[in-house]
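Source file: entry_8.cif. Holds: mmCIF, C-alpha atoms.
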```
data_target
#
loop_
_atom_site.group_PDB
_atom_site.id
_atom_site.type_symbol
_atom_site.label_atom_id
_atom_site.label_comp_id
_atom_site.auth_asym_id
_atom_site.auth_seq_id
_atom_site.Cartn_x
_atom_site.Cartn_y
_atom_site.Cartn_z
ATOM 1 C CA MET A 1 139.517 102.783 99.057
ATOM 2 C CA ALA A 2 136.003 103.871 98.255
ATOM 3 C CA GLY A 3 133.121 101.823 99.579
ATOM 4 C CA ARG A 4 130.625 100.219 97.262
ATOM 5 C CA PRO A 5 127.523 102.292 96.590
ATOM 6 C CA ARG A 6 124.566 101.274 98.680
ATOM 7 C CA GLU A 7 122.076 99.038 96.902
ATOM 8 C CA PHE A 8 118.920 100.920 96.025
ATOM 9 C CA ASP A 9 115.677 98.948 96.193
ATOM 10 C CA ARG A 10 113.515 101.012 93.858
ATOM 11 C CA GLU A 11 110.255 99.194 94.652
ATOM 12 C CA ALA A 12 110.690 99.500 98.420
ATOM 13 C CA ALA A 13 111.627 103.161 98.053
ATOM 14 C CA LEU A 14 108.614 103.782 95.817
ATOM 15 C CA GLU A 15 106.315 102.076 98.331
ATOM 16 C CA ALA A 16 107.695 104.294 101.117
ATOM 17 C CA ALA A 17 107.233 107.418 98.985
ATOM 18 C CA MET A 18 103.678 106.382 98.099
ATOM 19 C CA LEU A 19 102.747 105.924 101.756
ATOM 20 C CA LEU A 20 104.271 109.275 102.697
ATOM 21 C CA PHE A 21 102.554 111.201 99.884
ATOM 22 C CA TRP A 22 99.292 109.403 100.690
ATOM 23 C CA ARG A 23 99.519 110.373 104.355
ATOM 24 C CA LYS A 24 100.828 113.950 104.021
ATOM 25 C CA GLY A 25 99.923 115.048 100.496
ATOM 26 C CA TYR A 26 102.229 116.414 97.829
ATOM 27 C CA GLY A 27 102.624 119.956 99.133
ATOM 28 C CA ALA A 28 103.346 119.019 102.755
ATOM 29 C CA THR A 29 105.960 116.403 101.843
ATOM 30 C CA SER A 30 109.508 117.723 101.623
ATOM 31 C CA MET A 31 112.442 116.149 99.839
ATOM 32 C CA ASN A 32 114.039 115.601 103.260
ATOM 33 C CA ASP A 33 110.889 113.750 104.368
ATOM 34 C CA LEU A 34 111.117 111.579 101.269
ATOM 35 C CA CYS A 35 114.820 110.806 101.707
ATOM 36 C CA GLU A 36 114.199 109.801 105.312
ATOM 37 C CA ALA A 37 111.147 107.646 104.538
ATOM 38 C CA MET A 38 112.829 105.994 101.565
ATOM 39 C CA GLY A 39 116.116 105.444 103.375
ATOM 40 C CA VAL A 40 118.150 107.109 100.629
ATOM 41 C CA ARG A 41 120.326 110.156 100.224
ATOM 42 C CA SER A 42 119.249 113.043 98.063
ATOM 43 C CA PRO A 43 121.607 112.235 95.139
ATOM 44 C CA SER A 44 120.233 108.674 94.943
ATOM 45 C CA LEU A 45 116.663 109.933 95.003
ATOM 46 C CA TYR A 46 117.302 112.434 92.210
ATOM 47 C CA ALA A 47 119.240 109.853 90.185
ATOM 48 C CA ALA A 48 116.337 107.415 90.392
ATOM 49 C CA PHE A 49 113.366 109.778 90.069
ATOM 50 C CA GLU A 50 114.760 113.157 88.874
ATOM 51 C CA SER A 51 112.369 115.353 90.887
ATOM 52 C CA LYS A 52 109.690 115.374 93.561
ATOM 53 C CA GLU A 53 107.088 115.743 90.808
ATOM 54 C CA ALA A 54 108.394 112.711 88.904
ATOM 55 C CA LEU A 55 108.528 110.723 92.145
ATOM 56 C CA TYR A 56 104.907 111.612 92.924
ATOM 57 C CA LEU A 57 103.832 110.518 89.433
ATOM 58 C CA ALA A 58 105.624 107.192 89.951
ATOM 59 C CA ALA A 59 104.079 106.869 93.428
ATOM 60 C CA ILE A 60 100.502 107.484 92.235
ATOM 61 C CA GLU A 61 101.014 104.945 89.439
ATOM 62 C CA HIS A 62 102.315 102.483 92.055
ATOM 63 C CA TYR A 63 99.218 103.246 94.152
ATOM 64 C CA VAL A 64 96.881 102.467 91.243
ATOM 65 C CA GLU A 65 98.721 99.207 90.516
ATOM 66 C CA THR A 66 98.921 97.978 94.124
ATOM 67 C CA GLN A 67 96.104 99.552 96.134
ATOM 68 C CA ALA A 68 93.213 99.984 93.697
ATOM 69 C CA PRO A 69 92.601 96.357 92.599
ATOM 70 C CA PRO A 70 91.176 95.103 95.934
ATOM 71 C CA VAL A 71 88.485 97.797 95.723
ATOM 72 C CA TRP A 72 87.965 98.492 92.025
ATOM 73 C CA GLY A 73 88.355 94.832 91.055
ATOM 74 C CA ARG A 74 85.193 94.087 93.026
ATOM 75 C CA LEU A 75 83.161 96.231 90.615
ATOM 76 C CA ALA A 76 83.330 93.469 88.002
ATOM 77 C CA GLU A 77 82.181 90.815 90.483
ATOM 78 C CA GLY A 78 78.543 89.870 90.794
ATOM 79 C CA ALA A 79 76.161 88.840 88.057
ATOM 80 C CA PRO A 80 73.895 91.867 88.304
ATOM 81 C CA ALA A 81 75.566 95.284 88.122
ATOM 82 C CA ARG A 82 73.861 96.285 91.362
ATOM 83 C CA GLU A 83 75.769 93.527 93.134
ATOM 84 C CA GLY A 84 79.039 94.623 91.509
ATOM 85 C CA ILE A 85 78.605 98.219 92.666
ATOM 86 C CA GLU A 86 77.590 97.060 96.128
ATOM 87 C CA ASN A 87 80.680 94.781 96.267
ATOM 88 C CA PHE A 88 82.835 97.743 95.241
ATOM 89 C CA LEU A 89 81.397 100.062 97.917
ATOM 90 C CA PHE A 90 81.645 97.414 100.648
ATOM 91 C CA ALA A 91 85.252 96.650 99.675
ATOM 92 C CA ALA A 92 85.962 100.381 99.896
ATOM 93 C CA ALA A 93 84.332 100.496 103.342
ATOM 94 C CA ALA A 94 86.629 97.704 104.505
ATOM 95 C CA ILE A 95 89.839 99.101 103.000
ATOM 96 C CA LEU A 96 89.562 102.903 103.218
ATOM 97 C CA PRO A 97 89.883 103.257 107.020
ATOM 98 C CA LYS A 98 93.439 103.551 108.314
ATOM 99 C CA SER A 99 95.237 100.274 108.930
ATOM 100 C CA ARG A 100 98.661 99.299 110.192
ATOM 101 C CA SER A 101 99.920 99.058 106.632
ATOM 102 C CA ALA A 102 98.253 102.042 104.958
ATOM 103 C CA PRO A 103 96.944 105.537 105.636
ATOM 104 C CA ALA A 104 93.207 106.187 105.516
ATOM 105 C CA GLY A 105 91.359 107.186 102.377
ATOM 106 C CA CYS A 106 92.237 107.003 98.693
ATOM 107 C CA MET A 107 95.433 108.710 97.553
ATOM 108 C CA ALA A 108 93.869 109.907 94.278
ATOM 109 C CA VAL A 109 90.788 111.335 95.996
ATOM 110 C CA LEU A 110 92.529 112.936 98.961
ATOM 111 C CA GLY A 111 95.147 114.561 96.776
ATOM 112 C CA ALA A 112 92.516 116.019 94.486
ATOM 113 C CA VAL A 113 90.795 117.863 97.315
ATOM 114 C CA SER A 114 93.761 118.974 99.367
ATOM 115 C CA ASP A 115 96.696 119.957 97.198
ATOM 116 C CA GLU A 116 97.840 122.536 94.684
ATOM 117 C CA TRP A 117 99.480 120.566 91.908
ATOM 118 C CA PRO A 118 102.034 121.120 89.216
ATOM 119 C CA ALA A 119 100.160 120.682 85.906
ATOM 120 C CA PRO A 120 101.467 117.153 85.097
ATOM 121 C CA ILE A 121 100.299 115.846 88.476
ATOM 122 C CA ALA A 122 96.915 117.561 88.148
ATOM 123 C CA ARG A 123 96.463 115.857 84.765
ATOM 124 C CA ALA A 124 97.486 112.446 86.155
ATOM 125 C CA ILE A 125 95.092 112.705 89.124
ATOM 126 C CA ARG A 126 92.259 113.850 86.853
ATOM 127 C CA LYS A 127 92.947 110.938 84.479
ATOM 128 C CA ILE A 128 92.761 108.430 87.337
ATOM 129 C CA ARG A 129 89.482 109.858 88.571
ATOM 130 C CA LEU A 130 88.022 109.876 85.044
ATOM 131 C CA GLU A 131 89.019 106.210 84.730
ATOM 132 C CA MET A 132 87.148 105.522 87.978
ATOM 133 C CA LEU A 133 84.086 107.229 86.516
ATOM 134 C CA GLY A 134 84.478 105.302 83.260
ATOM 135 C CA ASN A 135 84.632 101.974 85.107
ATOM 136 C CA LEU A 136 81.381 102.745 86.901
ATOM 137 C CA ARG A 137 79.712 104.001 83.726
ATOM 138 C CA ALA A 138 80.717 100.875 81.779
ATOM 139 C CA ARG A 139 79.138 98.634 84.416
ATOM 140 C CA ILE A 140 75.948 100.728 84.484
ATOM 141 C CA GLU A 141 75.665 100.898 80.676
ATOM 142 C CA ALA A 142 76.088 97.119 80.479
ATOM 143 C CA ALA A 143 73.242 96.781 82.986
ATOM 144 C CA MET A 144 71.061 99.008 80.814
ATOM 145 C CA THR A 145 71.884 96.988 77.693
ATOM 146 C CA GLY A 146 71.180 93.740 79.544
ATOM 147 C CA GLY A 147 67.795 94.943 80.795
ATOM 148 C CA GLU A 148 68.823 95.133 84.444
ATOM 149 C CA LEU A 149 68.265 98.891 84.478
ATOM 150 C CA PRO A 150 65.595 100.908 82.651
ATOM 151 C CA ALA A 151 66.722 102.135 79.217
ATOM 152 C CA ALA A 152 65.965 105.702 80.338
ATOM 153 C CA THR A 153 68.507 105.518 83.191
ATOM 154 C CA ASP A 154 70.924 108.453 83.131
ATOM 155 C CA ALA A 155 74.150 106.417 83.137
ATOM 156 C CA ASP A 156 76.330 109.495 83.543
ATOM 157 C CA ALA A 157 74.388 110.800 86.547
ATOM 158 C CA LEU A 158 74.244 107.379 88.225
ATOM 159 C CA SER A 159 77.980 106.824 87.632
ATOM 160 C CA ARG A 160 78.802 110.247 89.073
ATOM 161 C CA PHE A 161 76.565 109.543 92.061
ATOM 162 C CA TYR A 162 78.374 106.311 92.957
ATOM 163 C CA LEU A 163 81.789 107.889 92.341
ATOM 164 C CA SER A 164 80.748 110.740 94.645
ATOM 165 C CA VAL A 165 79.764 108.190 97.291
ATOM 166 C CA TYR A 166 83.179 106.505 96.976
ATOM 167 C CA GLU A 167 85.017 109.831 97.133
ATOM 168 C CA GLY A 168 82.963 110.891 100.150
ATOM 169 C CA MET A 169 83.755 107.603 101.874
ATOM 170 C CA ALA A 170 87.481 108.201 101.227
ATOM 171 C CA ILE A 171 87.293 111.635 102.836
ATOM 172 C CA GLN A 172 85.234 110.342 105.767
ATOM 173 C CA ALA A 173 87.774 107.545 106.292
ATOM 174 C CA LYS A 174 90.523 110.169 106.451
ATOM 175 C CA ASP A 175 88.424 111.902 109.139
ATOM 176 C CA GLY A 176 88.250 108.676 111.162
ATOM 177 C CA ALA A 177 85.056 106.963 109.970
ATOM 178 C CA THR A 178 84.998 103.248 110.775
ATOM 179 C CA THR A 179 84.298 100.365 108.427
ATOM 180 C CA ASP A 180 80.828 99.950 109.964
ATOM 181 C CA GLU A 181 80.036 103.632 109.448
ATOM 182 C CA LEU A 182 81.196 103.473 105.840
ATOM 183 C CA LYS A 183 79.181 100.295 105.248
ATOM 184 C CA GLY A 184 76.135 102.185 106.498
ATOM 185 C CA ALA A 185 76.798 104.890 103.915
ATOM 186 C CA ALA A 186 77.229 102.218 101.227
ATOM 187 C CA ARG A 187 73.908 100.589 102.166
ATOM 188 C CA ALA A 188 72.156 103.967 102.012
ATOM 189 C CA ALA A 189 73.698 104.648 98.601
ATOM 190 C CA MET A 190 72.475 101.319 97.258
ATOM 191 C CA ALA A 191 68.920 102.314 98.184
ATOM 192 C CA ALA A 192 69.177 104.829 95.321
ATOM 193 C CA TRP A 193 69.699 102.053 92.754
ATOM 194 C CA PRO A 194 66.899 102.285 90.145
ATOM 195 C CA ASP A 195 64.208 99.612 90.143
ATOM 196 C CA ARG A 196 64.279 96.980 87.437
ATOM 197 C CA PRO A 197 62.233 97.820 84.330
#
```
Show me this structure written as structure tokens.
Amino acid sequence: MAGRPREFDREAALEAAMLLFWRKGYGATSMNDLCEAMGVRSPSLYAAFESKEALYLAAIEHYVETQAPPVWGRLAEGAPAREGIENFLFAAAAILPKSRSAPAGCMAVLGAVSDEWPAPIARAIRKIRLEMLGNLRARIEAAMTGGELPAATDADALSRFYLSVYEGMAIQAKDGATTDELKGAARAAMAAWPDRP
């Protein structure tokens, strides 16, 4: 008499895969590593996700849905845009260092600087990072329209600057920077905010 197939909790397995990819990167994570972390056998993994590449794409999407809002959601907070960007950087400083529940850094940033990707993953990571840039640019352009920033402000350059600060903080967190150290970097970055017109 054959036993019943083991129940497969897709969300829990996806969370485990996300944490493993986040910690080790795509290239350094083997299918055996994934099976062990997810608590599944290889046939179940392939039946649910088809391939390591497809699993990574699902994991990075899960990351964006579950891990990004506490940081990127802060960008919209604050009446002036300066306050929104400061909220965003300070939230990043609090969340990016390693915790008991998550590895250090940002999965989308760390992967972009440390891995060789299959083309679909490279496109997905690039799309996420362009969305980050677009979110910053939208907040800065709204500040220009509302008179908070000079009309001559280079919105693209300022957006890229603050995205570069965030990405640098993610890498520093991976290297062991503390929340206080990252807050110091965030404060220094806010000193570059253009004066009101």
Applying 10 Å and all atoms listed in the file, which residues near Ala48 of chain A remain after dropping the ones on its own chain fewer than 5 positions away? List them as a PyMOL selection string.
chain A and resi 8+10+13+42-43+54-55
Explicit residues for the PyMOL selection byres ((chain A and resi 85) around 12) (as a count of residues only)
42
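Of the listed residues A:Ala151, A:Gly105, A:Asp180, A:Pro120, the one whose atoms come nearest to Gly168 of chain A is A:Gly105, with distances taken using only C-alpha atoms.
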Counting only C-alpha atoms, note down every residue that has an atom within 6 Å of the point (103.8, 105.9, 95.8) (file coordinates), as a PDB file with C-alpha atoms, in the coordinates of the input.
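Final file, part-v7.pdb:
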```
ATOM      1  CA  LEU A  14     108.614 103.782  95.817  1.00  0.00           C
ATOM      2  CA  GLU A  15     106.315 102.076  98.331  1.00  0.00           C
ATOM      3  CA  ALA A  17     107.233 107.418  98.985  1.00  0.00           C
ATOM      4  CA  MET A  18     103.678 106.382  98.099  1.00  0.00           C
ATOM      5  CA  ALA A  59     104.079 106.869  93.428  1.00  0.00           C
ATOM      6  CA  ILE A  60     100.502 107.484  92.235  1.00  0.00           C
ATOM      7  CA  HIS A  62     102.315 102.483  92.055  1.00  0.00           C
ATOM      8  CA  TYR A  63      99.218 103.246  94.152  1.00  0.00           C
TER       9      TYR A  63
END
```
Which distance in Å separates atom CA of Ala28 of chain A and atom CA of Glu116 of chain A, to one decimal?
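Between atom CA of Ala28 of chain A and atom CA of Glu116 of chain A the gap is 10.4 Å.
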